[in-house]
Each structure stands twice: as structure tokens, then as C-alpha cells.
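The file query_5.txt comes next; it holds compact mmCIF, C-alpha atoms.
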# COMPACT_ATOMS: atom_id res chain seq x y z
CA MET A 990 -33.85 14.52 -31.88
CA ASN A 991 -31.61 16.41 -34.31
CA GLU A 992 -33.98 19.35 -34.15
CA ILE A 993 -33.70 19.41 -30.38
CA ASN A 994 -29.91 19.50 -30.49
CA THR A 995 -29.82 22.30 -33.08
CA ARG A 996 -28.68 25.62 -31.61
CA ARG A 997 -28.60 28.85 -33.50
CA VAL A 998 -26.40 30.59 -30.92
CA PRO A 999 -24.36 28.67 -28.30
CA MET A 1000 -25.99 29.01 -24.88
CA LYS A 1001 -22.91 30.45 -23.14
CA TRP A 1002 -22.63 33.25 -25.71
CA MET A 1003 -26.33 33.97 -25.62
CA LEU A 1004 -26.31 34.10 -21.82
CA LEU A 1005 -23.27 36.38 -21.88
CA ILE A 1006 -24.92 38.78 -24.33
CA ALA A 1007 -28.27 38.74 -22.52
CA SER A 1008 -26.63 39.18 -19.10
CA THR A 1009 -24.61 42.13 -20.39
CA LEU A 1010 -27.76 43.77 -21.75
CA LEU A 1011 -29.52 43.06 -18.46
CA TYR A 1012 -26.69 44.73 -16.52
CA VAL A 1013 -26.90 47.81 -18.75
CA ALA A 1014 -30.68 47.88 -18.27
CA MET A 1015 -30.26 47.58 -14.49
CA VAL A 1016 -27.92 50.57 -14.36
CA SER A 1017 -30.23 52.54 -16.63
CA SER A 1018 -33.28 51.65 -14.53
CA ILE A 1019 -31.59 52.82 -11.34
CA THR A 1020 -30.47 56.10 -12.87
CA LEU A 1021 -33.64 56.96 -14.82
CA GLY A 1022 -36.82 58.34 -13.31
CA PRO A 1023 -39.03 61.40 -12.94
CA MET A 1024 -36.70 62.80 -10.26
CA ASP A 1025 -33.61 64.26 -11.95
CA ILE A 1026 -30.64 62.47 -10.32
CA SER A 1027 -27.33 62.34 -12.15
CA PHE A 1028 -25.70 59.06 -13.17
CA SER A 1029 -22.78 59.48 -10.77
CA ASP A 1030 -25.03 60.42 -7.83
CA SER A 1031 -27.24 57.40 -8.52
CA LEU A 1032 -24.26 55.07 -8.34
CA LYS A 1033 -22.90 56.77 -5.23
CA ALA A 1034 -26.26 56.33 -3.50
CA LEU A 1035 -25.94 52.56 -3.90
CA ILE A 1036 -22.89 52.50 -1.64
CA PRO A 1037 -23.77 52.47 2.10
CA ASN A 1038 -22.49 55.40 4.14
CA ALA A 1039 -20.70 52.94 6.41
CA ILE A 1040 -18.37 52.13 3.50
CA ILE A 1041 -17.91 55.58 2.00
CA GLN A 1042 -19.05 58.96 3.21
CA SER A 1043 -20.93 61.00 0.61
CA ASP A 1044 -22.36 64.50 0.61
CA LEU A 1045 -25.51 63.49 -1.23
CA PRO A 1046 -28.86 64.77 0.05
CA ASP A 1047 -30.81 62.25 2.08
CA TYR A 1048 -33.66 62.12 -0.46
CA VAL A 1049 -31.29 60.80 -3.15
CA GLY A 1050 -30.39 57.74 -1.08
CA VAL A 1051 -34.05 57.12 -0.24
CA ILE A 1052 -35.12 57.27 -3.89
CA ILE A 1053 -32.33 55.02 -5.14
CA GLN A 1054 -32.23 52.47 -2.32
CA GLN A 1055 -35.90 52.31 -1.39
CA VAL A 1056 -37.66 52.96 -4.71
CA ARG A 1057 -35.63 52.42 -7.86
CA LEU A 1058 -33.35 49.56 -6.78
CA PRO A 1059 -36.13 47.38 -5.28
CA ARG A 1060 -38.31 48.02 -8.31
CA THR A 1061 -35.48 47.07 -10.66
CA LEU A 1062 -34.74 43.84 -8.81
CA LEU A 1063 -38.42 42.88 -8.62
CA ALA A 1064 -38.88 43.45 -12.37
CA ILE A 1065 -36.02 41.05 -13.11
CA ALA A 1066 -37.38 38.34 -10.82
CA VAL A 1067 -41.00 38.62 -12.00
CA GLY A 1068 -39.95 38.71 -15.66
CA GLY A 1069 -37.73 35.67 -15.17
CA ILE A 1070 -40.51 33.68 -13.46
CA LEU A 1071 -43.07 34.50 -16.14
CA ALA A 1072 -40.65 33.66 -18.94
CA ILE A 1073 -39.57 30.25 -17.66
CA CYS A 1074 -43.15 29.35 -16.74
CA GLY A 1075 -44.17 30.22 -20.29
CA ALA A 1076 -41.32 28.18 -21.78
CA VAL A 1077 -42.30 25.15 -19.68
CA MET A 1078 -45.99 25.44 -20.57
CA GLN A 1079 -45.18 25.63 -24.28
CA GLY A 1080 -42.90 22.62 -24.04
CA LEU A 1081 -45.31 20.67 -21.87
CA PHE A 1082 -48.24 21.10 -24.25
CA ARG A 1083 -46.09 21.24 -27.41
CA ASN A 1084 -47.86 24.37 -28.57
CA PRO A 1085 -46.52 27.94 -28.92
CA LEU A 1086 -49.86 29.39 -27.74
CA ALA A 1087 -49.70 27.67 -24.35
CA ASP A 1088 -48.95 30.59 -22.07
CA PRO A 1089 -49.98 30.87 -18.39
CA GLY A 1090 -52.12 33.88 -19.31
CA ILE A 1091 -53.68 32.40 -22.42
CA ILE A 1092 -54.79 29.15 -20.77
CA GLY A 1093 -56.35 30.91 -17.77
CA VAL A 1094 -53.77 30.34 -15.02
CA SER A 1095 -53.12 34.07 -14.58
CA ALA A 1096 -56.85 34.81 -14.53
CA GLY A 1097 -57.42 32.23 -11.80
CA ALA A 1098 -54.49 33.55 -9.77
CA SER A 1099 -55.71 37.12 -10.20
CA LEU A 1100 -59.20 36.19 -9.03
CA GLY A 1101 -57.75 34.50 -5.96
CA ALA A 1102 -55.67 37.58 -5.12
CA ALA A 1103 -58.68 39.83 -5.68
CA ILE A 1104 -60.76 37.77 -3.26
CA ALA A 1105 -58.05 38.20 -0.61
CA ILE A 1106 -57.88 41.97 -1.19
CA VAL A 1107 -61.64 42.49 -0.97
CA LEU A 1108 -62.36 40.10 1.90
CA PHE A 1109 -59.35 40.83 4.12
CA GLY A 1110 -57.95 44.16 2.92
CA GLY A 1111 -60.08 46.26 5.22
CA MET A 1112 -59.28 44.11 8.25
CA ILE A 1113 -55.48 44.05 8.35
CA GLY A 1114 -54.30 46.39 5.60
CA HIS A 1115 -52.76 45.80 2.17
CA THR A 1116 -49.13 45.67 3.37
CA ALA A 1117 -49.99 43.13 6.05
CA LEU A 1118 -51.68 40.99 3.40
CA LEU A 1119 -48.36 40.52 1.64
CA THR A 1120 -46.41 40.12 4.88
CA LEU A 1121 -48.74 37.42 6.17
CA GLY A 1122 -48.82 35.72 2.79
CA THR A 1123 -52.61 36.01 2.35
CA VAL A 1124 -52.53 37.41 -1.18
CA PRO A 1125 -49.80 35.01 -2.41
CA LEU A 1126 -51.66 32.07 -0.87
CA PHE A 1127 -54.98 32.97 -2.48
CA ALA A 1128 -53.26 33.74 -5.79
CA PHE A 1129 -51.57 30.33 -5.73
CA LEU A 1130 -54.80 28.55 -4.88
CA GLY A 1131 -56.67 30.38 -7.65
CA GLY A 1132 -53.97 29.59 -10.18
CA ALA A 1133 -53.74 25.95 -9.08
CA LEU A 1134 -57.50 25.41 -9.24
CA ALA A 1135 -57.69 26.99 -12.69
CA THR A 1136 -54.74 24.93 -13.90
CA PHE A 1137 -56.06 21.59 -12.71
CA ALA A 1138 -59.55 22.39 -14.03
CA ILE A 1139 -58.09 23.08 -17.48
CA TYR A 1140 -55.89 20.01 -17.27
CA TYR A 1141 -58.85 17.82 -16.27
CA MET A 1142 -61.03 19.11 -19.13
CA GLY A 1143 -58.30 18.71 -21.72
CA THR A 1144 -57.00 15.27 -20.72
CA ASN A 1145 -58.46 11.82 -21.34
CA SER A 1146 -57.19 8.28 -21.81
CA ASN A 1147 -55.80 9.20 -25.23
CA GLY A 1148 -53.66 12.05 -23.92
CA THR A 1149 -53.97 15.83 -23.73
CA SER A 1150 -55.78 18.01 -26.28
CA VAL A 1151 -54.09 21.40 -26.37
CA THR A 1152 -56.94 22.91 -28.39
CA ILE A 1153 -59.48 21.94 -25.71
CA MET A 1154 -57.18 23.28 -23.01
CA LEU A 1155 -56.87 26.61 -24.81
CA LEU A 1156 -60.63 26.87 -25.26
CA ALA A 1157 -61.17 25.87 -21.63
CA GLY A 1158 -58.69 28.58 -20.65
CA VAL A 1159 -60.76 31.15 -22.53
CA ALA A 1160 -63.89 29.98 -20.72
CA LEU A 1161 -62.24 30.05 -17.30
CA GLY A 1162 -60.81 33.47 -18.10
CA ALA A 1163 -64.35 34.68 -18.76
CA ILE A 1164 -65.55 33.17 -15.49
CA ALA A 1165 -62.68 34.82 -13.63
CA GLY A 1166 -63.54 38.10 -15.35
CA ALA A 1167 -67.12 37.80 -14.14
CA GLY A 1168 -65.87 37.14 -10.62
CA MET A 1169 -63.60 40.18 -10.81
CA GLY A 1170 -66.54 42.29 -11.97
CA LEU A 1171 -68.62 41.09 -9.04
CA LEU A 1172 -65.81 41.91 -6.61
CA ASN A 1173 -65.45 45.36 -8.16
CA TYR A 1174 -69.16 45.93 -7.62
CA PHE A 1175 -69.05 45.11 -3.90
CA ALA A 1176 -65.59 46.52 -3.09
CA ASP A 1177 -65.12 49.73 -1.14
CA ASP A 1178 -63.18 52.68 -2.59
CA GLN A 1179 -59.73 51.56 -1.38
CA ALA A 1180 -60.23 47.94 -2.42
CA LEU A 1181 -61.59 49.10 -5.79
CA ARG A 1182 -58.47 51.17 -6.40
CA ASP A 1183 -56.23 48.27 -5.40
CA LEU A 1184 -58.10 45.94 -7.72
CA SER A 1185 -57.87 48.38 -10.63
CA LEU A 1186 -54.11 48.69 -10.24
CA TRP A 1187 -53.83 44.92 -9.76
CA THR A 1188 -55.51 44.09 -13.06
CA MET A 1189 -53.20 46.46 -14.98
CA GLY A 1190 -49.98 45.23 -13.35
CA SER A 1191 -47.50 47.38 -11.51
CA LEU A 1192 -44.10 47.09 -9.87
CA ALA A 1193 -44.55 50.25 -7.81
CA GLY A 1194 -45.15 48.29 -4.60
CA ALA A 1195 -41.70 46.67 -4.63
CA SER A 1196 -40.20 46.12 -1.19
CA TRP A 1197 -37.30 44.09 0.15
CA ASP A 1198 -39.72 41.50 1.58
CA SER A 1199 -41.39 41.02 -1.80
CA ILE A 1200 -37.98 40.84 -3.52
CA SER A 1201 -36.82 38.09 -1.18
CA PHE A 1202 -40.02 36.16 -1.80
CA ALA A 1203 -39.70 36.59 -5.58
CA TYR A 1204 -36.07 35.49 -5.82
CA ILE A 1205 -36.56 32.46 -3.60
CA SER A 1206 -39.43 31.43 -5.87
CA LEU A 1207 -37.36 32.12 -8.99
CA PHE A 1208 -34.40 30.03 -7.84
CA LEU A 1209 -36.60 27.11 -6.79
CA LEU A 1210 -38.53 27.14 -10.06
CA ALA A 1211 -35.36 27.41 -12.15
CA PHE A 1212 -33.79 24.52 -10.25
CA PHE A 1213 -36.73 22.14 -10.63
CA TYR A 1214 -37.44 23.13 -14.21
CA GLN A 1215 -33.82 22.64 -15.23
CA ARG A 1216 -33.82 19.18 -13.63
CA ASN A 1217 -36.69 18.25 -15.96
CA ALA A 1218 -35.24 19.87 -19.09
CA LYS A 1219 -34.36 16.55 -20.73
CA LYS A 1220 -37.84 15.19 -20.00
CA LEU A 1221 -39.36 18.27 -21.64
CA ASN A 1222 -37.13 17.61 -24.65
CA ALA A 1223 -38.51 14.07 -24.80
CA LEU A 1224 -42.07 15.41 -24.71
CA LEU A 1225 -41.35 17.41 -27.86
CA LEU A 1226 -41.24 14.06 -29.66
CA GLY A 1227 -44.74 13.19 -28.42
CA GLU A 1228 -46.27 11.65 -25.30
CA ALA A 1229 -46.09 8.08 -26.63
CA GLU A 1230 -42.40 8.44 -27.46
CA ALA A 1231 -41.71 9.95 -24.03
CA ARG A 1232 -43.41 6.99 -22.35
CA HIS A 1233 -41.27 4.59 -24.35
CA LEU A 1234 -38.23 6.41 -22.98
CA GLY A 1235 -39.39 5.56 -19.45
CA ILE A 1236 -40.90 8.94 -18.52
CA ASP A 1237 -44.02 9.06 -16.36
CA VAL A 1238 -45.75 11.65 -18.51
CA GLN A 1239 -48.82 12.23 -16.34
CA SER A 1240 -46.72 12.64 -13.18
CA LEU A 1241 -44.40 15.05 -14.99
CA LYS A 1242 -47.35 17.10 -16.18
CA ARG A 1243 -48.83 17.31 -12.70
CA GLN A 1244 -45.53 18.41 -11.16
CA LEU A 1245 -44.78 21.04 -13.78
CA ILE A 1246 -48.33 22.37 -13.80
CA LEU A 1247 -48.28 22.74 -10.02
CA LEU A 1248 -44.93 24.54 -10.16
CA THR A 1249 -46.23 26.82 -12.89
CA ALA A 1250 -49.33 27.64 -10.86
CA ALA A 1251 -47.10 28.48 -7.90
CA GLY A 1252 -44.86 30.70 -10.01
CA VAL A 1253 -47.76 32.55 -11.60
CA GLY A 1254 -49.39 32.93 -8.21
CA VAL A 1255 -46.25 34.59 -6.87
CA THR A 1256 -46.03 37.04 -9.77
CA VAL A 1257 -49.71 37.95 -9.58
CA ALA A 1258 -49.44 38.46 -5.83
CA LEU A 1259 -46.40 40.74 -6.10
CA SER A 1260 -47.06 42.66 -9.31
CA GLY A 1261 -50.61 42.01 -10.49
CA MET A 1262 -51.54 40.91 -14.00
CA ILE A 1263 -48.60 41.25 -16.39
CA GLY A 1264 -49.36 39.52 -19.65
CA PHE A 1265 -47.47 38.31 -22.71
CA ILE A 1266 -44.04 37.95 -21.10
CA GLY A 1267 -44.56 34.20 -20.82
CA LEU A 1268 -45.71 34.07 -24.45
CA VAL A 1269 -43.24 36.33 -26.22
CA VAL A 1270 -39.95 35.69 -24.41
CA PRO A 1271 -39.75 31.88 -24.94
CA HIS A 1272 -40.25 32.43 -28.66
CA ILE A 1273 -37.44 34.96 -28.81
CA ALA A 1274 -35.20 32.59 -26.85
CA ARG A 1275 -36.19 29.67 -29.07
CA MET A 1276 -35.32 31.62 -32.21
CA LEU A 1277 -31.93 32.49 -30.74
CA THR A 1278 -30.88 29.21 -29.14
CA GLY A 1279 -33.17 26.51 -30.52
CA PRO A 1280 -35.78 24.29 -28.80
CA ASP A 1281 -33.45 22.43 -26.40
CA HIS A 1282 -34.85 23.21 -22.93
CA ARG A 1283 -31.40 22.86 -21.36
CA SER A 1284 -30.49 26.15 -23.05
CA LEU A 1285 -33.98 27.55 -23.62
CA LEU A 1286 -34.87 27.82 -19.92
CA PRO A 1287 -31.86 29.83 -18.66
CA VAL A 1288 -31.89 32.10 -21.72
CA SER A 1289 -35.63 32.69 -21.28
CA LEU A 1290 -35.07 33.55 -17.62
CA VAL A 1291 -32.52 36.26 -18.40
CA LEU A 1292 -34.44 37.62 -21.39
CA GLY A 1293 -37.66 37.71 -19.36
CA GLY A 1294 -36.03 39.85 -16.69
CA LEU A 1295 -34.53 42.09 -19.37
CA ILE A 1296 -37.75 42.64 -21.32
CA LEU A 1297 -39.91 43.31 -18.26
CA LEU A 1298 -37.29 45.68 -16.86
CA VAL A 1299 -37.17 47.63 -20.15
CA SER A 1300 -40.98 47.67 -20.24
CA ASP A 1301 -41.06 49.06 -16.70
CA MET A 1302 -38.54 51.75 -17.64
CA ILE A 1303 -40.82 52.77 -20.51
CA ALA A 1304 -43.86 52.72 -18.22
CA ARG A 1305 -42.38 55.12 -15.68
CA THR A 1306 -40.55 57.51 -18.01
CA ILE A 1307 -42.59 57.89 -21.20
CA VAL A 1308 -45.17 60.23 -19.59
CA ALA A 1309 -43.15 61.26 -16.50
CA PRO A 1310 -43.95 62.35 -13.83
CA LEU A 1311 -47.02 60.16 -14.42
CA GLU A 1312 -46.64 56.39 -14.64
CA ILE A 1313 -48.27 53.88 -16.96
CA PRO A 1314 -49.00 50.44 -15.47
CA VAL A 1315 -46.38 48.07 -16.82
CA GLY A 1316 -49.03 45.55 -17.82
CA ILE A 1317 -50.27 48.01 -20.42
CA VAL A 1318 -46.79 48.30 -21.93
CA THR A 1319 -46.23 44.54 -22.10
CA ALA A 1320 -49.68 44.10 -23.67
CA ALA A 1321 -48.91 46.76 -26.28
CA ILE A 1322 -45.69 44.92 -27.14
CA GLY A 1323 -46.95 41.36 -26.84
CA ALA A 1324 -50.42 41.57 -28.41
CA PRO A 1325 -49.17 42.21 -31.98
CA PHE A 1326 -46.66 39.39 -31.53
CA PHE A 1327 -49.43 37.06 -30.39
CA LEU A 1328 -51.65 37.98 -33.36
CA ALA A 1329 -48.79 37.28 -35.76
CA LEU A 1330 -48.18 33.94 -34.02
CA LEU A 1331 -51.89 33.09 -34.16
CA LEU A 1332 -52.00 33.73 -37.90
CA LYS A 1333 -48.93 31.54 -38.34
CA GLN A 1334 -50.50 28.71 -36.31
CA ARG A 1335 -54.10 28.93 -37.63
CA GLY A 1336 -53.56 26.02 -39.99
CA ARG A 1337 -52.48 23.76 -37.13
CA LEU A 1338 -55.39 24.75 -34.91
CA ALA A 1339 -58.01 24.23 -37.64

Please express the file's structure as C-alpha cells.
Amino acid sequence: MNEINTRRVPMKWMLLIASTLLYVAMVSSITLGPMDISFSDSLKALIPNAIIQSDLPDYVGVIIQQVRLPRTLLAIAVGGILAICGAVMQGLFRNPLADPGIIGVSAGASLGAAIAIVLFGGMIGHTALLTLGTVPLFAFLGGALATFAIYYMGTNSNGTSVTIMLLAGVALGAIAGAGMGLLNYFADDQALRDLSLWTMGSLAGASWDSISFAYISLFLLAFFYQRNAKKLNALLLGEAEARHLGIDVQSLKRQLILLTAAGVGVTVALSGMIGFIGLVVPHIARMLTGPDHRSLLPVSLVLGGLILLVSDMIARTIVAPLEIPVGIVTAAIGAPFFLALLLKQRGRLA
């Protein structure tokens, strides 16, 4: 228990530092882009004309209020959801490799969203799919089915085998990849383009409806996860020890897995496949604040929003006016980190 209570940086200071960096990144994200808009004009465009009259051209207000600001807010919400889901998965399975993407949850959610795009996209249009909740629903169902399949294969009367769950996640990821390939084969041109962008991850489709959906999901997940922070701390000691402390381990696992599937389904529905945020960010937060989930979860949330927002800024400015899908940037950052982590953990997985 002493290890759990050890903190390298007090949570309030870490949150203050991370929140300050996030604020700076937000301002930078709003003011940076392929269209050359000055810093002062960008800030002026955020103020409604009903409050203060400005002589800015109409296109400046449209770009800032309808493109850059929604995209910035969506990046923060999606990054926060992925980060706290990753932190919970790692704590739940007591393994630093347990990430929603690594164990196949993201692949299942992506396959569900792809089925919705191909089957219904031509009938009611891509925008209507999000408005009616078809893509989020299918993404959630795909993520939930993948999660419970992995959980079922990795759990027996003796407990949960993380190694089996990881291997099952690889297998389910391959199955989902085959399903995606089949959908690509039968999709029409528009659906094929949508699927291609979906698999690479993008925040370009941010809208105020999607932002509302993302932040409601983020607040609900953060609330329920934080309520179970002490139980996650107990799980770090082992399942048998947690049971002795009066925790219904199997019920806790089911609840947290379902919440994680819902969170991943939301992110996949709104931004496509964005990998490695749920793997990298909890490790950074753990190095800064320690393993106590009472501090790890909120710090991971803020750092997740910060890192995805910075990644999105890189994606849309490094080759401007062209734009790199943000999933490519996060993979380029996260893959080396994952390889280093895998080498560090190879002795434990042997």
C-alpha cells in the first residue's frame, strides 16, 4: 500500500501545470492553421458580435468559430477519454500493455462504425449517421462485443490471465482487420473514402453536436471512474487481496469494461482510430504522480487532452496547407514508446 500512496508530484501541482500547458495549447491551436490569421484577430473572433463589434472579415469568424475552436475542443475531449480509459484498463488488468487499442477494443469499435458507414451511409448521409447516433451505437456495440469476448477468453475460475487477453486482442484485431478489408472491397467510392479516413483518425469533422456528445461522455466516464479509484488501487495488490477487502472483483471488472467500451466507441465514432494515447499518457502520468488512481485518473485526463491537441496541431501545420491524419502522428509518437515498454516488460511476459 505504501507504493500506492507514493506521489512524485502532488496532484494539485501536477494538475495546475498540466492545465496551464493545456490552456496555452488551446490558444495556440485556435490561432495556428494554414490560413494566416493574426493572434489578436483570432482572439477577437472568439467574442460574439453581440458583445463587441469588430471589423474583422466574415471568413475569420467562420474559420475560428466553426473550424478551429470545435476541433480544439473535440481533441481535448477525445484525448481525455482515451487517456482515462487506458489508465483504467492498465489498472484493471495490472499490466502496462493493457490499452484499449492493444487488446482489440478499438478494432471492434472501428469495425462496428465501418459497418454502419457502409450499410447506412448511402441511405441517409454521413452527417445524419452521427446525428441519429447510428455510428456511435454500432461503434459501442462493436467495442463491447470485442471487450466481452476478450474478457471471456481470458477469465476462468482462477482469475484473469492478462497474457491470454493480450493474445486474444491480437487475434480479434486480425479478425476486425479482415472485416474492414471485406467492407473496403464492397464499399462504394464515398464509403471507401470515409473508411480510409476513419482508419487513420481525424478531428476534421468536429461539430458542436459531436463536441456536446464527447464532453457528456467524458464527464460521465470521469465521474464513474473516479468513484472506483480506491477499488482500482486495491486491485493493484491482486484480485485475492481485493476480495478480502470486500470488493466484488468480477462485478467491478464488468462495469469498468463496459464503461471503457462505451468510451472507446464514442471516440471511434467521432474521430476514427487514434492509437497509443491510452497507452502512452497513463505511463507519463504514473511517472509524474505515482500509481494512486485518485490522482492518476484526473492527471491522465488533462494530459490526454494536451497530447492529442498538440498532435493535432502538428498534423494540420507540418505540411500545411495539406493535413496529416492525427492518428498517424500519435502512432509515430506512441509506437517507439510502446516498443521500449515491450522490451522492458518482456521478462514478465515470458

- Which of A:Leu1156, A:Ile1307, A:Ile1273, A:Ala1250 sits closest to A:Arg997 [using only C-alpha atoms]: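 The shortest atom-to-atom distance to A:Arg997 comes from A:Ile1273.
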
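Of the residues listed (A:Pro1280, A:Gly1132, A:Gly1194, A:Gly1069), A:Gly1132 shows the shortest atom-to-atom separation from A:Gly1090; distances use all atoms listed in the file.
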
### Query
Quick one, how far is atom CA of A:Ala1304 from atom CA of A:Ser1191?
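Here the two named atoms are 9.3 Å from each other.
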
Q: Can you work out which one of A:Leu1328, A:Ile1139, A:Ala1223, A:Ile1317 has the shortest atom-to-atom distance to A:Ile1153, counting all atoms listed in the file?
A: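 Using all atoms listed in the file, the shortest distance to A:Ile1153 belongs to A:Ile1139.
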
| What lies within 12 Å of A:Met1169 using only C-alpha atoms, ignoring chain neighbours under 3 positions off, as a VMD selection string? | chain A and resid 1096 to 1107 1162 to 1166 1172 to 1176 1180 to 1181 1184 to 1185 1187 to 1188

As a check of understanding: the span from atom CA of A:Val1051 to atom CA of A:Leu1292 is 28.8 Å

Between A:Asn1217, A:Asn1145, A:Ala1229, A:Leu1155, single out the one closest to A:Leu1241, counting all atoms listed in the file.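 Closest to A:Leu1241, using all atoms listed in the file: A:Asn1217.
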
Exercise: A:Pro1089 partners within 10 Å, only C-alpha atoms, chain neighbours under 2 positions left out, as a list in words: Leu1071, Ala1072, Cys1074, Gly1075, Ala1076, Val1077, Met1078, Gln1079, Leu1086, Ala1087, Ile1091, Ile1092, Gly1093, Val1094, Ser1095, Ala1096, Gly1132, Thr1136, Gly1158, Ile1246, Thr1249, Ala1250, Gly1252, Val1253, Gly1264, Phe1265, Ile1266, Gly1267 and Leu1268 of chain A

Interatomic distance (Å, one decimal) between atom CA of A:Leu1247 and atom CA of A:Phe1129: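 Taking atom CA of A:Leu1247 as the start and atom CA of A:Phe1129 as the end point, the length is 9.3 Å.
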
| task | May I have the residues within 8 Å of A:Asp1301 as a list in words, using all atoms listed in the file and disregarding those fewer than 6 positions away in the same chain? | result |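 My list of contacting residues is Ala1064, Leu1192, Val1315 and Val1318 of chain A.
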
Of A:Lys1033, A:Ser1240, A:Ile1296, A:Leu1063, the one sitting nearest A:Trp1197 when using all atoms listed in the file is A:Leu1063

Closest to A:Val1308 among A:Pro1023, A:Ile1205, A:Ala1251, A:Thr1152, using all atoms listed in the file?
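Looking at the shortest contact to A:Val1308, the residue is A:Pro1023.
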
**Prompt:** Do you know which residues are at most 12 Å from A:Tyr1012 counting all atoms listed in the file, after dropping those on the same chain fewer than 6 positions away, and could you put them as a PyMOL selection string?
**Reply:** chain A and resi 1004-1006+1018-1019+1061-1062+1065+1291-1292+1294-1295+1298-1299

Skip A:Phe1028 itself and residues of its chain fewer than 3 positions away, then list as a PyMOL selection string all residues within 9 Å of it, counting only C-alpha atoms.
chain A and resi 1016-1017+1019-1021+1031-1033
